[in-house]
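Data file: work-v9.txt. Format and content: compact mmCIF, C-alpha atoms.
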```txt
# COMPACT_ATOMS: atom_id res chain seq x y z
CA MET A 1 0.00 0.00 0.00
CA ARG A 2 1.41 3.38 -0.98
CA PRO A 3 1.62 5.95 1.84
CA CYS A 4 -0.74 8.93 1.63
CA CYS A 5 -0.15 12.55 2.62
CA LEU A 6 -2.74 15.32 2.94
CA THR A 7 -2.36 19.03 2.26
CA ILE A 8 -4.83 21.53 3.75
CA ALA A 9 -4.01 24.79 2.01
CA GLY A 10 -4.90 27.29 -0.68
CA SER A 11 -4.75 26.81 -4.45
CA ASP A 12 -2.21 28.80 -6.48
CA SER A 13 -3.36 29.63 -10.01
CA GLY A 14 0.28 30.00 -11.07
CA GLY A 15 1.13 26.48 -9.89
CA ASN A 16 4.11 27.67 -7.83
CA ALA A 17 2.91 27.46 -4.23
CA GLY A 18 0.05 26.14 -2.12
CA VAL A 19 -1.70 22.90 -3.01
CA GLN A 20 -0.04 22.70 -6.43
CA ALA A 21 3.45 22.87 -4.93
CA ASP A 22 2.51 20.34 -2.26
CA LEU A 23 1.25 17.81 -4.80
CA ARG A 24 4.43 18.24 -6.83
CA VAL A 25 6.46 17.41 -3.72
CA PHE A 26 4.30 14.39 -2.85
CA HIS A 27 4.74 13.09 -6.39
CA ALA A 28 8.53 13.45 -6.12
CA TYR A 29 8.46 11.40 -2.92
CA ARG A 30 6.15 8.79 -4.50
CA VAL A 31 3.42 9.22 -1.89
CA HIS A 32 -0.23 9.69 -2.84
CA GLY A 33 -1.46 13.25 -2.25
CA CYS A 34 -4.92 14.13 -0.94
CA THR A 35 -6.17 17.72 -0.69
CA ALA A 36 -8.53 19.97 1.23
CA ILE A 37 -8.57 23.37 -0.47
CA ALA A 38 -9.11 26.21 1.98
CA ALA A 39 -9.03 29.05 -0.56
CA LEU A 40 -8.75 29.88 -4.25
CA THR A 41 -6.19 32.52 -5.14
CA ALA A 42 -5.44 34.54 -8.26
CA GLN A 43 -1.67 34.81 -8.08
CA ASN A 44 1.66 34.52 -9.83
CA PRO A 45 5.26 34.86 -8.57
CA PHE A 46 4.85 38.64 -8.39
CA GLY A 47 1.82 38.83 -6.13
CA VAL A 48 -1.71 37.83 -5.15
CA SER A 49 -4.51 39.80 -6.80
CA ALA A 50 -7.56 38.06 -5.33
CA ILE A 51 -8.50 35.46 -2.70
CA HIS A 52 -11.76 33.52 -2.48
CA ALA A 53 -11.93 31.66 0.83
CA ALA A 54 -13.80 28.36 0.93
CA PRO A 55 -16.69 28.30 3.42
CA PRO A 56 -15.49 26.67 6.66
CA GLU A 57 -18.11 23.92 6.45
CA PHE A 58 -16.88 23.01 2.96
CA VAL A 59 -13.31 22.73 4.25
CA GLY A 60 -14.68 20.35 6.87
CA ALA A 61 -16.61 18.37 4.25
CA GLN A 62 -13.43 17.84 2.22
CA LEU A 63 -11.68 16.51 5.30
CA ASP A 64 -14.60 14.21 6.11
CA ALA A 65 -14.36 12.77 2.60
CA VAL A 66 -10.66 11.95 3.01
CA LEU A 67 -9.91 11.16 6.65
CA GLY A 68 -10.57 7.54 7.56
CA VAL A 69 -10.89 6.50 3.91
CA TYR A 70 -7.31 7.05 2.75
CA SER A 71 -4.40 5.74 4.80
CA ILE A 72 -2.98 9.16 5.60
CA ARG A 73 0.24 8.96 7.56
CA ALA A 74 1.14 12.65 7.58
CA LEU A 75 -0.36 16.01 6.63
CA LYS A 76 0.61 19.63 6.33
CA THR A 77 -1.40 22.81 6.62
CA GLY A 78 -0.88 26.10 4.81
CA MET A 79 -2.67 29.43 5.04
CA LEU A 80 -6.00 29.19 6.87
CA ALA A 81 -7.35 32.71 6.88
CA SER A 82 -10.42 32.50 9.14
CA PRO A 83 -11.12 31.28 12.68
CA GLY A 84 -14.02 29.23 11.28
CA ALA A 85 -11.78 27.30 8.90
CA ILE A 86 -9.22 26.71 11.65
CA ASP A 87 -11.93 25.42 13.98
CA GLU A 88 -13.20 23.00 11.31
CA VAL A 89 -9.69 21.69 10.66
CA ALA A 90 -8.80 21.38 14.34
CA ALA A 91 -12.05 19.57 15.15
CA ARG A 92 -11.20 16.87 12.57
CA LEU A 93 -7.51 16.57 13.40
CA GLU A 94 -8.22 16.14 17.11
CA LYS A 95 -9.86 12.83 16.19
CA HIS A 96 -6.75 11.55 14.39
CA PRO A 97 -3.79 11.58 16.78
CA GLU A 98 -2.18 8.84 14.70
CA ILE A 99 -1.53 11.23 11.79
CA LEU A 100 1.75 13.15 11.88
CA LYS A 101 1.02 16.87 11.48
CA VAL A 102 3.20 19.60 10.01
CA ILE A 103 1.62 22.96 10.82
CA ASP A 104 2.98 25.82 8.72
CA PRO A 105 1.64 28.91 10.54
CA VAL A 106 1.27 31.21 7.55
CA MET A 107 0.72 34.48 9.41
CA VAL A 108 3.41 37.06 8.61
CA ALA A 109 5.53 37.54 5.51
CA THR A 110 9.28 37.87 5.88
CA SER A 111 8.79 41.56 4.99
CA GLY A 112 6.60 41.88 8.10
CA ALA A 113 3.32 42.18 6.17
CA ARG A 114 0.36 40.48 7.88
CA LEU A 115 -1.18 37.68 5.81
CA ILE A 116 -4.17 36.70 7.99
CA PRO A 117 -6.37 38.64 10.46
CA ARG A 118 -5.28 38.71 14.09
CA GLU A 119 -8.35 36.70 15.16
CA ALA A 120 -7.29 33.91 12.79
CA ALA A 121 -3.78 34.03 14.26
CA GLU A 122 -5.27 33.64 17.73
CA ALA A 123 -7.33 30.64 16.61
CA LEU A 124 -4.22 29.12 15.05
CA ARG A 125 -2.33 29.56 18.30
CA ALA A 126 -5.14 28.20 20.48
CA ARG A 127 -6.59 25.37 18.37
CA LEU A 128 -4.22 24.13 15.70
CA ILE A 129 -0.59 24.52 16.80
CA PRO A 130 -1.09 22.44 19.97
CA LEU A 131 -2.03 19.49 17.70
CA ALA A 132 1.19 19.70 15.68
CA THR A 133 3.94 17.14 15.46
CA ILE A 134 6.12 20.01 14.26
CA VAL A 135 5.41 23.67 13.53
CA THR A 136 7.43 25.53 10.86
CA PRO A 137 7.35 29.34 11.30
CA ASN A 138 9.61 31.81 9.59
CA ILE A 139 11.38 34.25 11.91
CA PRO A 140 8.66 36.98 11.90
CA GLU A 141 6.00 34.33 12.61
CA ALA A 142 8.10 32.80 15.40
CA CYS A 143 8.51 36.25 16.96
CA GLU A 144 4.77 36.87 16.86
CA LEU A 145 3.88 33.45 18.25
CA CYS A 146 6.05 33.90 21.34
CA GLY A 147 5.99 37.69 21.66
CA ALA A 148 9.71 38.09 21.01
CA SER A 149 11.62 40.95 19.43
CA ALA A 150 12.94 40.68 15.88
CA ASP A 151 16.56 40.37 17.05
CA THR A 152 15.92 37.26 19.18
CA PRO A 153 18.26 34.42 18.12
CA ALA A 154 16.57 31.60 16.21
CA GLY A 155 17.60 29.03 18.79
CA GLU A 156 15.92 31.01 21.56
CA LEU A 157 12.77 31.44 19.44
CA ALA A 158 12.61 27.71 18.77
CA ARG A 159 13.09 26.82 22.44
CA ARG A 160 10.46 29.30 23.64
CA LEU A 161 7.91 27.97 21.12
CA TYR A 162 8.68 24.39 22.12
CA GLU A 163 8.11 25.25 25.78
CA THR A 164 4.90 27.16 24.99
CA PHE A 165 3.19 24.63 22.73
CA GLY A 166 4.88 21.33 23.57
CA THR A 167 5.58 20.56 19.93
CA ALA A 168 8.76 20.35 17.89
CA VAL A 169 9.62 23.63 16.17
CA LEU A 170 11.59 24.38 13.01
CA VAL A 171 12.39 28.10 12.68
CA LYS A 172 13.12 28.77 9.01
CA GLY A 173 16.02 31.06 8.19
CA GLY A 174 15.85 30.99 4.40
CA HIS A 175 15.26 34.73 4.05
CA GLY A 176 18.04 35.73 6.40
CA GLU A 177 21.41 37.14 5.47
CA GLY A 178 24.85 35.60 5.11
CA GLY A 179 26.35 32.96 2.88
CA ASP A 180 24.39 30.09 4.43
CA SER A 181 20.70 29.46 5.05
CA VAL A 182 20.28 28.09 8.58
CA ASP A 183 17.09 26.44 9.86
CA THR A 184 16.85 25.72 13.60
CA LEU A 185 15.07 22.69 15.05
CA CYS A 186 14.05 22.30 18.70
CA PHE A 187 12.51 19.00 19.74
CA GLY A 188 12.01 16.84 22.80
CA GLU A 189 12.99 13.36 23.84
CA GLU A 190 13.26 10.64 21.25
CA ALA A 191 14.67 7.13 21.50
CA GLY A 192 17.73 7.07 23.74
CA GLY A 193 16.34 9.26 26.50
CA ARG A 194 17.83 12.58 25.36
CA GLY A 195 16.27 15.79 26.62
CA THR A 196 15.36 18.88 24.62
CA GLU A 197 17.72 19.38 21.68
CA ILE A 198 18.59 22.25 19.35
CA VAL A 199 19.89 21.24 15.92
CA GLU A 200 20.92 23.60 13.12
CA TYR A 201 20.66 22.67 9.44
CA SER A 202 22.81 24.78 7.16
CA SER A 203 23.01 24.92 3.38
CA PRO A 204 24.80 27.40 1.09
CA ARG A 205 22.62 30.08 -0.39
CA ILE A 206 22.10 29.84 -4.14
CA ALA A 207 23.11 33.08 -5.81
CA ASN A 208 20.43 34.69 -7.98
CA PRO A 209 18.02 31.73 -8.14
CA VAL A 210 15.40 31.74 -10.89
CA SER A 211 12.65 31.23 -8.32
CA THR A 212 12.14 30.81 -4.58
CA HIS A 213 8.35 31.22 -4.68
CA GLY A 214 6.67 28.35 -2.82
CA THR A 215 9.71 27.22 -0.84
CA GLY A 216 7.89 27.37 2.51
CA CYS A 217 5.03 25.25 1.16
CA SER A 218 7.47 22.81 -0.41
CA LEU A 219 9.49 22.46 2.79
CA ALA A 220 6.40 21.63 4.87
CA ALA A 221 5.15 19.15 2.24
CA ALA A 222 8.57 17.49 1.99
CA LEU A 223 8.71 17.23 5.76
CA ALA A 224 5.29 15.53 5.83
CA ALA A 225 6.37 13.12 3.08
CA GLU A 226 9.64 12.31 4.86
CA MET A 227 7.77 11.48 8.07
CA ALA A 228 5.15 9.45 6.20
CA LEU A 229 8.01 7.31 4.88
CA GLY A 230 9.22 6.56 8.40
CA ARG A 231 12.07 9.04 8.88
CA THR A 232 12.84 10.26 12.40
CA LEU A 233 12.18 13.94 12.98
CA ARG A 234 15.88 14.79 12.79
CA GLU A 235 16.24 12.83 9.52
CA ALA A 236 13.02 14.25 8.06
CA VAL A 237 14.07 17.87 8.57
CA GLY A 238 17.46 17.21 6.96
CA GLY A 239 15.86 15.44 4.00
CA ALA A 240 13.23 18.16 3.50
CA LYS A 241 15.86 20.91 3.57
CA ARG A 242 17.98 19.07 1.00
CA TYR A 243 14.90 18.60 -1.20
CA VAL A 244 14.11 22.33 -1.19
CA TRP A 245 17.75 23.26 -1.90
CA ARG A 246 17.71 21.03 -4.98
CA ALA A 247 14.34 22.48 -6.05
CA ILE A 248 15.75 26.02 -5.88
CA GLU A 249 18.93 24.97 -7.68
CA SER A 250 16.90 23.45 -10.53
CA SER A 251 14.28 26.24 -10.77
CA TYR A 252 13.49 27.35 -14.31
CA LEU A 253 11.82 30.15 -16.26
CA THR A 254 8.18 29.76 -17.27
CA GLY A 255 7.45 33.19 -18.74
CA PRO A 256 8.82 36.66 -19.46
CA ASP A 257 10.14 39.16 -16.92
CA GLY A 258 11.72 36.50 -14.72
CA CYS A 259 8.59 34.43 -14.12
CA GLY A 260 9.89 31.12 -12.81
CA VAL A 261 9.02 28.05 -10.77
CA LEU A 262 10.86 25.67 -8.46
CA GLY A 263 12.37 22.67 -10.19
CA TRP A 264 11.25 19.06 -9.96
CA ALA A 265 13.75 17.87 -7.40
CA GLU A 266 14.16 14.14 -6.90
CA SER A 267 13.64 12.86 -3.37
CA GLU A 268 16.21 10.58 -1.75
CA ASN A 269 13.80 7.77 -0.83
```
Translate this structure into structure tokens?
Amino acid sequence: MRPCCLTIAGSDSGGNAGVQADLRVFHAYRVHGCTAIAALTAQNPFGVSAIHAAPPEFVGAQLDAVLGVYSIRALKTGMLASPGAIDEVAARLEKHPEILKVIDPVMVATSGARLIPREAAEALRARLIPLATIVTPNIPEACELCGASADTPAGELARRLYETFGTAVLVKGGHGEGGDSVDTLCFGEEAGGRGTEIVEYSSPRIANPVSTHGTGCSLAAALAAEMALGRTLREAVGGAKRYVWRAIESSYLTGPDGCGVLGWAESEN
């Protein structure tokens, strides 16, 4: 039986991010991808011009059609822009503790721009993040989730979020500065009786990549696929980061004026 992964996210009309990116990742890992579409977007690599949110009850109906029918081992969430949608998702996921859950708290852009209303961010914090196996904020999102200042070190952010929510945390550093991109993982005891650990994953930055649009979505989807295939958390994060690096390295043009998309990276499974 082939493993299944589920993405709960928005649709990207340009095919670069959201559900489309997630399905591309699942295909590369040779896992079957199921979807629950939380929103339709009109977008391309240069911006989002319109969003049509799915009614919360319809998001729930999609989940009811999938959960318990497909053998879903892991899932990831993307942008959920309303408290109602978050409540519908959380109510279903609470009934499935056996599914590994990657929660990508899409709240704040790296530029600092807010992507969802504050009430949705509160619902995310209260209902969804506590269900996570691992949560994957960027640095501005991590700062907001734990009330930290922007200059707080990534390791401290990860540890504070772990202590607050009781879930593993991967603070993404892909939009930082310097020659290397460093992501920081904080997680609790695994086999062997170790206590809380901080692990850094570093990769060289690719100069002038054709595209980086959709890297956050792709990382969360790759992480879900890695875990669905039986990797430990430490292994899964390393494999997902390598997958995204190869996707950026192989990104290609798809239109004029620098319009590009992440490449079809091969997984290591």
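Look at A:Pro137: the protein and nucleic acid residues within 8 Å of it, using all atoms listed in the file and passing over chain neighbours fewer than 2 places away, are Asp104, Pro105, Val106, Val135, Ile139, Pro140, Glu141, Ala142, Val169, Leu170, Val171 and Lys172 of chain A.
Between atom CA of A:Met107 and atom CA of A:Ala53 there is a distance of 15.5 Å.
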Leaving out A:Ser251 and any residue of its chain fewer than 5 positions from it, which residues lie within 9 Å of it when counting only C-alpha atoms, given as a list in words? Pro209, Val210, Ser211, Thr212, Arg246, Gly260, Val261, Leu262, Gly263 and Trp264 of chain A
Shell around A:Glu88 at 7 Å using only C-alpha atoms, local window under 5 positions removed, as an NGL selection string: :A and (56-57 or 60)
Nearest residue to A:Ile206 from the set A:Gly166, A:Ser149, A:Ser181, A:Thr136 (distances using only C-alpha atoms): A:Ser181
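Using all atoms listed in the file, the shortest contact distance between A:Asp183 and any of A:Ser11, A:Ser202, A:Thr167, A:Thr232 is found at A:Ser202.
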Show me, as a list in words, the residues that have an atom within 9 Å of A:Cys217 when counting only C-alpha atoms, minus same-chain residues fewer than 6 positions from it. Ala17, Gly18, Val19, Ala21, Asp22, Lys76, Thr77, Gly78 and Asp104 of chain A
